[in-house]
Amino acid sequence: MQEIEELAARLRAFAEARDWEQFHTPKNLAMALAGETGELLAEFQWLTPEESATIMDGPAGPRVRAELADVFSYLIRLADVLGVDLPQAAHAKIDENERRYDADAYRGSARKAPPLSGA
């Protein structure tokens, strides 16, 4: 978790040194994140499930690694700008999913759970 805070600080300093905070609005960062996610998806387009499982072993591996880094970086930067503690948010979401998706009832199933009451 300390590593995420350190990475957020490094990304913040990178933006500050270039006077890019003016461009790092939540909207712009969310759009950049979506764009980078699209670039990641493009690496998997048309692959079979088997090919996708071994993508890191082939020539696309370095590109996938770079796109994952871009997605992760924009996500961290967006969370930093919005003041969201990503590890805490992820733990809260896992807690919610544990309540929504009973292990016995959903084992081996891809069906969606109904929303939690009051959600």
# chains A, B, ... in the order shown; residues from 1 in each chain; ligands from 1
>>> residues_around(residues="Tyr74 in chain A", least_positions_apart="5", cutoff="9 Å", atoms="only C-alpha atoms", output="PyMOL selection string")
chain A and resi 29-30+32-33+36+69+79
>>> write_last_selection(atoms="N, CA, C and O atoms", output="mmCIF file, in the first residue's frame")
data_model
loop_
_atom_site.group_PDB
_atom_site.id
_atom_site.type_symbol
_atom_site.label_atom_id
_atom_site.label_comp_id
_atom_site.auth_asym_id
_atom_site.auth_seq_id
_atom_site.Cartn_x
_atom_site.Cartn_y
_atom_site.Cartn_z
ATOM 1 N N LEU A 29 -8.491 12.910 -16.879
ATOM 2 C CA LEU A 29 -7.817 11.689 -16.433
ATOM 3 C C LEU A 29 -8.684 10.458 -16.678
ATOM 4 O O LEU A 29 -8.173 9.408 -17.090
ATOM 5 N N ALA A 30 -9.994 10.585 -16.442
ATOM 6 C CA ALA A 30 -10.894 9.458 -16.707
ATOM 7 C C ALA A 30 -10.911 9.139 -18.198
ATOM 8 O O ALA A 30 -10.906 7.958 -18.591
ATOM 9 N N ALA A 32 -8.450 9.758 -20.347
ATOM 10 C CA ALA A 32 -7.146 9.168 -20.673
ATOM 11 C C ALA A 32 -7.096 7.710 -20.221
ATOM 12 O O ALA A 32 -6.564 6.848 -20.932
ATOM 13 N N LEU A 33 -7.656 7.440 -19.055
ATOM 14 C CA LEU A 33 -7.713 6.064 -18.553
ATOM 15 C C LEU A 33 -8.515 5.186 -19.515
ATOM 16 O O LEU A 33 -8.086 4.074 -19.857
ATOM 17 N N GLU A 36 -6.406 4.537 -22.658
ATOM 18 C CA GLU A 36 -5.346 3.554 -22.433
ATOM 19 C C GLU A 36 -5.919 2.154 -22.267
ATOM 20 O O GLU A 36 -5.325 1.175 -22.704
ATOM 21 N N ALA A 69 0.839 -0.599 -17.563
ATOM 22 C CA ALA A 69 1.458 0.467 -16.782
ATOM 23 C C ALA A 69 0.731 1.789 -17.005
ATOM 24 O O ALA A 69 0.518 2.553 -16.051
ATOM 25 N N ALA A 79 -7.238 8.708 -8.933
ATOM 26 C CA ALA A 79 -7.580 8.516 -7.518
ATOM 27 C C ALA A 79 -6.906 9.580 -6.652
ATOM 28 O O ALA A 79 -7.521 10.109 -5.718
#
>>> residues_around(residues="range 57-62 of chain A", least_positions_apart="5", cutoff="12 Å", atoms="only C-alpha atoms", output="list of chain:residue names")
A:Leu40, A:Leu41, A:Ala42, A:Glu43, A:Phe44, A:Gln45, A:Leu47, A:Glu51, A:Ser52, A:Glu67, A:Leu68, A:Ala69
>>> select_by_dssp(residues="range 13-110 of chain A", states="helix (DSSP H, G or I)", output="number ranges by chain")
A: 13-17, 26-44, 49-53, 55-57, 61-82, 86-100, 103-106
>>> atom_distance(atom1="CA of Pro26 in chain A", atom2="CA of Asn97 in chain A")
26.1 Å
